[in-house]
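Raw protein-v1.cif, mmCIF, C-alpha atoms:
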```
data_run
loop_
_atom_site.group_PDB
_atom_site.id
_atom_site.type_symbol
_atom_site.label_atom_id
_atom_site.label_comp_id
_atom_site.auth_asym_id
_atom_site.auth_seq_id
_atom_site.Cartn_x
_atom_site.Cartn_y
_atom_site.Cartn_z
ATOM 1 C CA MET A 1 69.422 92.501 151.916
ATOM 2 C CA LEU A 2 71.190 92.021 148.597
ATOM 3 C CA PRO A 3 74.545 93.762 148.173
ATOM 4 C CA ALA A 4 73.901 97.354 147.205
ATOM 5 C CA LEU A 5 75.583 99.062 144.285
ATOM 6 C CA SER A 6 77.462 102.166 145.363
ATOM 7 C CA HIS A 7 77.546 105.112 142.969
ATOM 8 C CA SER A 8 78.536 108.732 143.260
ATOM 9 C CA TRP A 9 75.948 111.467 142.756
ATOM 10 C CA GLY A 10 75.280 112.027 139.053
ATOM 11 C CA SER A 11 76.251 108.491 138.028
ATOM 12 C CA ALA A 12 74.661 107.580 134.689
ATOM 13 C CA PRO A 13 74.528 103.797 135.446
ATOM 14 C CA ALA A 14 72.788 104.534 138.762
ATOM 15 C CA TYR A 15 70.161 106.731 137.117
ATOM 16 C CA MET A 16 69.535 104.208 134.328
ATOM 17 C CA SER A 17 69.030 101.477 136.924
ATOM 18 C CA LEU A 18 66.469 103.602 138.758
ATOM 19 C CA LEU A 19 64.696 104.732 135.585
ATOM 20 C CA CYS A 20 64.259 101.115 134.482
ATOM 21 C CA ARG A 21 62.567 100.206 137.781
ATOM 22 C CA PRO A 22 59.411 102.129 138.698
ATOM 23 C CA ASP A 23 59.624 100.614 142.208
ATOM 24 C CA GLY A 24 63.299 101.402 142.755
ATOM 25 C CA LEU A 25 64.804 102.526 146.052
ATOM 26 C CA ALA A 26 67.781 104.861 146.321
ATOM 27 C CA VAL A 27 69.767 105.227 149.544
ATOM 28 C CA LEU A 28 71.382 108.654 149.655
ATOM 29 C CA ASP A 29 74.391 108.538 151.972
ATOM 30 C CA VAL A 30 75.356 111.972 153.315
ATOM 31 C CA SER A 31 78.786 111.723 154.899
ATOM 32 C CA GLU A 32 79.752 113.442 158.123
ATOM 33 C CA GLY A 33 80.959 116.905 157.249
ATOM 34 C CA GLY A 34 79.511 116.559 153.742
ATOM 35 C CA GLN A 35 77.641 119.298 151.939
ATOM 36 C CA THR A 36 74.082 119.511 153.225
ATOM 37 C CA ASP A 37 73.117 123.000 152.046
ATOM 38 C CA GLN A 38 71.361 121.568 148.978
ATOM 39 C CA LEU A 39 70.228 118.309 150.542
ATOM 40 C CA GLU A 40 66.501 119.060 150.399
ATOM 41 C CA GLN A 41 66.738 120.102 146.761
ATOM 42 C CA ARG A 42 68.756 116.999 145.870
ATOM 43 C CA VAL A 43 66.207 114.781 147.605
ATOM 44 C CA ARG A 44 63.382 116.536 145.762
ATOM 45 C CA VAL A 45 64.869 115.952 142.304
ATOM 46 C CA LEU A 46 66.026 112.394 143.070
ATOM 47 C CA SER A 47 62.593 111.447 144.412
ATOM 48 C CA THR A 48 61.241 112.197 140.942
ATOM 49 C CA ILE A 49 62.733 108.956 139.649
ATOM 50 C CA SER A 50 62.936 106.808 142.792
ATOM 51 C CA SER A 51 61.915 106.418 146.402
ATOM 52 C CA VAL A 52 64.694 107.887 148.545
ATOM 53 C CA VAL A 53 66.014 106.887 151.975
ATOM 54 C CA VAL A 54 68.560 109.310 153.396
ATOM 55 C CA LEU A 55 71.415 108.253 155.669
ATOM 56 C CA ALA A 56 72.267 111.549 157.320
ATOM 57 C CA PRO A 57 74.350 113.029 160.144
ATOM 58 C CA ARG A 58 72.525 113.931 163.338
ATOM 59 C CA ASP A 59 72.485 117.661 162.583
ATOM 60 C CA VAL A 60 70.431 117.318 159.382
ATOM 61 C CA ASN A 61 66.936 118.831 159.450
ATOM 62 C CA VAL A 62 64.893 115.631 159.319
ATOM 63 C CA VAL A 63 61.512 117.327 158.901
ATOM 64 C CA ALA A 64 62.695 119.422 155.948
ATOM 65 C CA THR A 65 64.266 116.362 154.327
ATOM 66 C CA LEU A 66 61.055 114.354 154.684
ATOM 67 C CA ARG A 67 59.016 117.233 153.283
ATOM 68 C CA ALA A 68 61.396 117.352 150.324
ATOM 69 C CA GLY A 69 60.329 113.820 149.387
ATOM 70 C CA ALA A 70 62.419 111.323 151.362
ATOM 71 C CA VAL A 71 60.483 108.239 152.497
ATOM 72 C CA ASN A 72 62.723 108.003 155.568
ATOM 73 C CA VAL A 73 65.732 109.694 157.159
ATOM 74 C CA LEU A 74 68.043 107.435 159.160
ATOM 75 C CA PRO A 75 71.014 108.427 161.359
ATOM 76 C CA ARG A 76 74.066 107.132 159.540
ATOM 77 C CA ASP A 77 75.886 106.437 162.832
ATOM 78 C CA ALA A 78 73.252 103.856 163.860
ATOM 79 C CA PRO A 79 74.398 100.200 164.125
ATOM 80 C CA PRO A 80 74.790 98.657 160.643
ATOM 81 C CA ARG A 81 72.318 95.840 161.365
ATOM 82 C CA GLU A 82 69.682 98.364 162.423
ATOM 83 C CA LEU A 83 70.235 100.437 159.283
ATOM 84 C CA ALA A 84 70.028 97.327 157.109
ATOM 85 C CA GLY A 85 66.814 96.254 158.836
ATOM 86 C CA ARG A 86 65.189 99.648 158.327
ATOM 87 C CA ILE A 87 66.176 99.776 154.663
ATOM 88 C CA VAL A 88 64.838 96.245 154.136
ATOM 89 C CA ALA A 89 61.572 97.355 155.759
ATOM 90 C CA GLU A 90 61.303 100.264 153.332
ATOM 91 C CA ARG A 91 62.059 97.922 150.442
ATOM 92 C CA ARG A 92 59.353 95.526 151.645
ATOM 93 C CA TRP A 93 56.813 98.342 151.929
ATOM 94 C CA ILE A 94 57.503 99.432 148.359
ATOM 95 C CA ASP A 95 57.181 95.860 147.085
ATOM 96 C CA LEU A 96 53.888 95.241 148.905
ATOM 97 C CA SER A 97 52.317 98.620 148.298
ATOM 98 C CA SER A 98 49.387 98.579 145.895
ATOM 99 C CA ARG A 99 49.817 102.277 145.224
ATOM 100 C CA ARG A 100 52.278 102.255 142.351
ATOM 101 C CA HIS A 101 52.345 106.007 142.036
ATOM 102 C CA ARG A 102 55.650 105.806 140.216
ATOM 103 C CA LEU A 103 54.524 103.566 137.389
ATOM 104 C CA ARG A 104 55.284 105.254 134.113
ATOM 105 C CA VAL A 105 53.192 105.238 130.984
ATOM 106 C CA PRO A 106 55.411 105.201 127.923
ATOM 107 C CA SER A 107 55.451 108.565 126.209
ATOM 108 C CA GLN A 108 53.839 108.595 122.778
ATOM 109 C CA SER A 109 56.634 110.797 121.484
ATOM 110 C CA ARG A 110 59.418 108.679 122.996
ATOM 111 C CA PRO A 111 61.940 108.148 120.199
ATOM 112 C CA GLN A 112 63.621 104.797 119.687
ATOM 113 C CA ALA A 113 67.035 106.416 119.417
ATOM 114 C CA VAL A 114 69.795 104.988 121.554
ATOM 115 C CA PRO A 115 72.557 107.578 122.134
ATOM 116 C CA HIS A 116 76.098 106.258 122.244
ATOM 117 C CA GLN A 117 76.955 107.875 125.586
ATOM 118 C CA ALA A 118 75.341 106.787 128.865
ATOM 119 C CA SER A 119 74.965 110.398 129.985
ATOM 120 C CA GLN A 120 72.978 111.192 126.832
ATOM 121 C CA GLN A 121 70.795 108.112 127.352
ATOM 122 C CA VAL A 122 70.013 109.255 130.910
ATOM 123 C CA LEU A 123 69.144 112.743 129.654
ATOM 124 C CA LEU A 124 66.834 111.244 127.025
ATOM 125 C CA GLU A 125 65.083 109.037 129.596
ATOM 126 C CA LEU A 126 64.594 111.938 132.010
ATOM 127 C CA LEU A 127 63.203 114.246 129.340
ATOM 128 C CA SER A 128 60.882 111.468 128.115
ATOM 129 C CA LEU A 129 59.113 111.029 131.459
ATOM 130 C CA PRO A 130 55.484 111.794 130.496
ATOM 131 C CA THR A 131 54.465 113.473 133.745
ATOM 132 C CA ARG A 132 57.558 115.514 134.482
ATOM 133 C CA GLN A 133 58.734 118.951 133.390
ATOM 134 C CA TRP A 134 62.265 119.945 134.297
ATOM 135 C CA CYS A 135 63.567 123.330 135.347
ATOM 136 C CA CYS A 136 67.110 123.845 134.079
ATOM 137 C CA HIS A 137 68.382 124.272 137.651
ATOM 138 C CA ASP A 138 66.838 121.005 138.884
ATOM 139 C CA LEU A 139 68.090 119.059 135.878
ATOM 140 C CA GLY A 140 71.552 120.570 136.252
ATOM 141 C CA LEU A 141 71.622 119.618 139.926
ATOM 142 C CA LEU A 142 70.582 116.034 139.210
ATOM 143 C CA LEU A 143 73.124 115.543 136.424
ATOM 144 C CA GLY A 144 76.029 117.247 138.185
ATOM 145 C CA THR A 145 78.387 115.921 140.817
ATOM 146 C CA ALA A 146 78.059 115.971 144.605
ATOM 147 C CA GLY A 147 80.136 119.130 144.675
ATOM 148 C CA GLU A 148 78.921 121.070 141.658
ATOM 149 C CA PRO A 149 75.805 121.066 139.449
ATOM 150 C CA VAL A 150 75.975 121.165 135.674
ATOM 151 C CA SER A 151 75.975 124.794 134.548
ATOM 152 C CA LYS A 152 73.108 126.115 132.471
ATOM 153 C CA ARG A 153 75.387 126.590 129.471
ATOM 154 C CA ALA A 154 76.764 123.040 129.721
ATOM 155 C CA LEU A 155 73.229 121.659 130.055
ATOM 156 C CA GLN A 156 72.142 123.543 126.947
ATOM 157 C CA ALA A 157 75.120 122.072 125.097
ATOM 158 C CA ARG A 158 74.081 118.556 126.168
ATOM 159 C CA VAL A 159 70.542 119.150 124.939
ATOM 160 C CA MET A 160 71.866 120.437 121.611
ATOM 161 C CA ARG A 161 73.961 117.286 121.177
ATOM 162 C CA LEU A 162 70.946 115.155 122.064
ATOM 163 C CA ASN A 163 68.846 117.022 119.508
ATOM 164 C CA GLY A 164 71.473 116.143 116.926
ATOM 165 C CA ARG A 165 70.980 112.455 117.751
ATOM 166 C CA LEU A 166 67.197 112.783 117.679
ATOM 167 C CA ALA A 167 66.972 114.728 114.416
ATOM 168 C CA PRO A 168 66.887 111.612 112.169
ATOM 169 C CA TYR A 169 63.852 110.397 114.149
ATOM 170 C CA GLY A 170 61.896 113.593 113.594
ATOM 171 C CA VAL A 171 61.760 114.693 117.251
ATOM 172 C CA SER A 172 63.539 117.216 119.428
ATOM 173 C CA VAL A 173 63.576 118.390 123.029
ATOM 174 C CA ASP A 174 60.785 120.845 123.800
ATOM 175 C CA ALA A 175 62.226 123.795 125.728
ATOM 176 C CA VAL A 176 60.600 127.001 126.946
ATOM 177 C CA HIS A 177 62.872 129.971 127.725
ATOM 178 C CA ARG A 178 61.442 132.612 130.026
ATOM 179 C CA TRP A 179 62.757 135.055 132.630
ATOM 180 C CA GLY A 180 66.289 133.702 132.481
ATOM 181 C CA ARG A 181 65.191 130.096 133.046
ATOM 182 C CA THR A 182 64.695 127.192 130.704
ATOM 183 C CA ARG A 183 61.971 124.614 131.276
ATOM 184 C CA TYR A 184 62.209 121.308 129.444
ATOM 185 C CA THR A 185 58.720 119.951 128.844
ATOM 186 C CA GLY A 186 59.400 116.708 127.002
ATOM 187 C CA MET A 187 59.637 115.788 123.329
ATOM 188 C CA ARG A 188 57.989 117.291 120.268
ATOM 189 C CA GLU A 189 58.024 116.755 116.547
ATOM 190 C CA ALA A 190 60.983 118.520 115.052
ATOM 191 C CA VAL A 191 60.353 121.163 112.441
ATOM 192 C CA PRO A 192 61.704 119.656 109.233
ATOM 193 C CA TYR A 193 64.510 121.535 107.600
ATOM 194 C CA GLU A 194 63.558 122.604 104.099
ATOM 195 C CA VAL A 195 66.380 122.638 101.612
ATOM 196 C CA PRO A 196 66.053 125.763 99.465
ATOM 197 C CA PRO A 197 65.382 124.927 95.806
ATOM 198 C CA ALA A 198 68.202 125.362 93.385
ATOM 199 C CA GLN A 199 68.081 128.620 91.517
ATOM 200 C CA SER A 200 66.998 128.412 87.911
ATOM 201 C CA PRO A 201 69.672 129.411 85.450
ATOM 202 C CA LEU A 202 69.269 132.810 83.877
ATOM 203 C CA ARG A 203 67.887 132.825 80.384
ATOM 204 C CA LEU A 204 68.757 135.438 77.855
#
```
Using structure tokens, write down the structure from this file.
Amino acid sequence: MLPALSHSWGSAPAYMSLLCRPDGLAVLDVSEGGQTDQLEQRVRVLSTISSVVVLAPRDVNVVATLRAGAVNVLPRDAPPRELAGRIVAERRWIDLSSRRHRLRVPSQSRPQAVPHQASQQVLLELLSLPTRQWCCHDLGLLLGTAGEPVSKRALQARVMRLNGRLAPYGVSVDAVHRWGRTRYTGMREAVPYEVPPAQSPLRL
């Protein structure tokens, strides 16, 4: 098994690596005594962009984690060689599988803009997935840290900054606000801003 890259939850480089590989595999390491109250939800949102293997303490609800979308749940206190062998087996299954259910068709409205910040690039890639709509809570959880999700207000601010970058390309983030929640449904053509005509001078 090649050396794995270790990233903290919410890492922009990690997400970009997974988004660029439709057959990617993420190993989510849940430390002993770590927060597991949102584990199923984290697995569900992460499995949107990658296959997920969870290394978990013994007291984690394995069935619930598998139902949330994990391809496997392994006890993190197992011998390292056994864990490596199981992860390699999962990697081999993904490589050999003919069912590429995670292949992505490029979105027709995908802008060619390249934001300067990695976090903005990740947000653009996530919102451009053609078959995925994002609830503000799920997107905030994915983009936050292991200890705290991104707040709804901070997420809205990120989207506003992204819209500023996308404006020259004639597209913007499509958002639906209802019942106190925001659902991001992809990209749409931006409504052009019409500059009001100059007033004609008064004639006597």
For Asp59 of chain A, the nearest of the candidates A:Pro80, A:Gly164, A:Gly170, A:Pro75, counting all atoms listed in the file:
A:Pro75
Give one line per residue of segment 19-56 of chain A that approaches segment 132-145 of chain A to at most 8 Å, naming the two atoms of the closest pair and their distance in Å to one decimal, counting only C-alpha atoms; sort by chain then ascending residue number and deliver it as CSV.
```
residue,atom,partner,partner_atom,distance
A:Gln41,CA,A:Asp138,CA,7.9
A:Arg42,CA,A:Leu142,CA,7.0
A:Val45,CA,A:Asp138,CA,6.4
A:Leu46,CA,A:Leu142,CA,7.0
```
C-alpha atoms of the current selection, written as a PDB file, keeping the file's coordinate frame:
```pdb
ATOM      1  CA  GLN A  41      66.738 120.102 146.761  1.00  0.00           C
ATOM      2  CA  ARG A  42      68.756 116.999 145.870  1.00  0.00           C
ATOM      3  CA  VAL A  45      64.869 115.952 142.304  1.00  0.00           C
ATOM      4  CA  LEU A  46      66.026 112.394 143.070  1.00  0.00           C
TER       5      LEU A  46
END
```
What would the selection look like, as a PyMOL selection string, if the PyMOL selection byres ((chain A and resi 12) around 12) were run on the coordinates I just shared?
chain A and resi 7-11+13-19+117-126+142-145
Exactly which residues make up the result of the PyMOL selection byres ((chain A and resi 76) around 7) on this file, given as number ranges by chain?
A: 55-57, 74-75, 77-78
Name all residues at most 9 Å from Ala175 of chain A (count only C-alpha atoms; drop same-chain ones fewer than 2 positions away) and give them as a PyMOL selection string.
chain A and resi 173+177+182-187
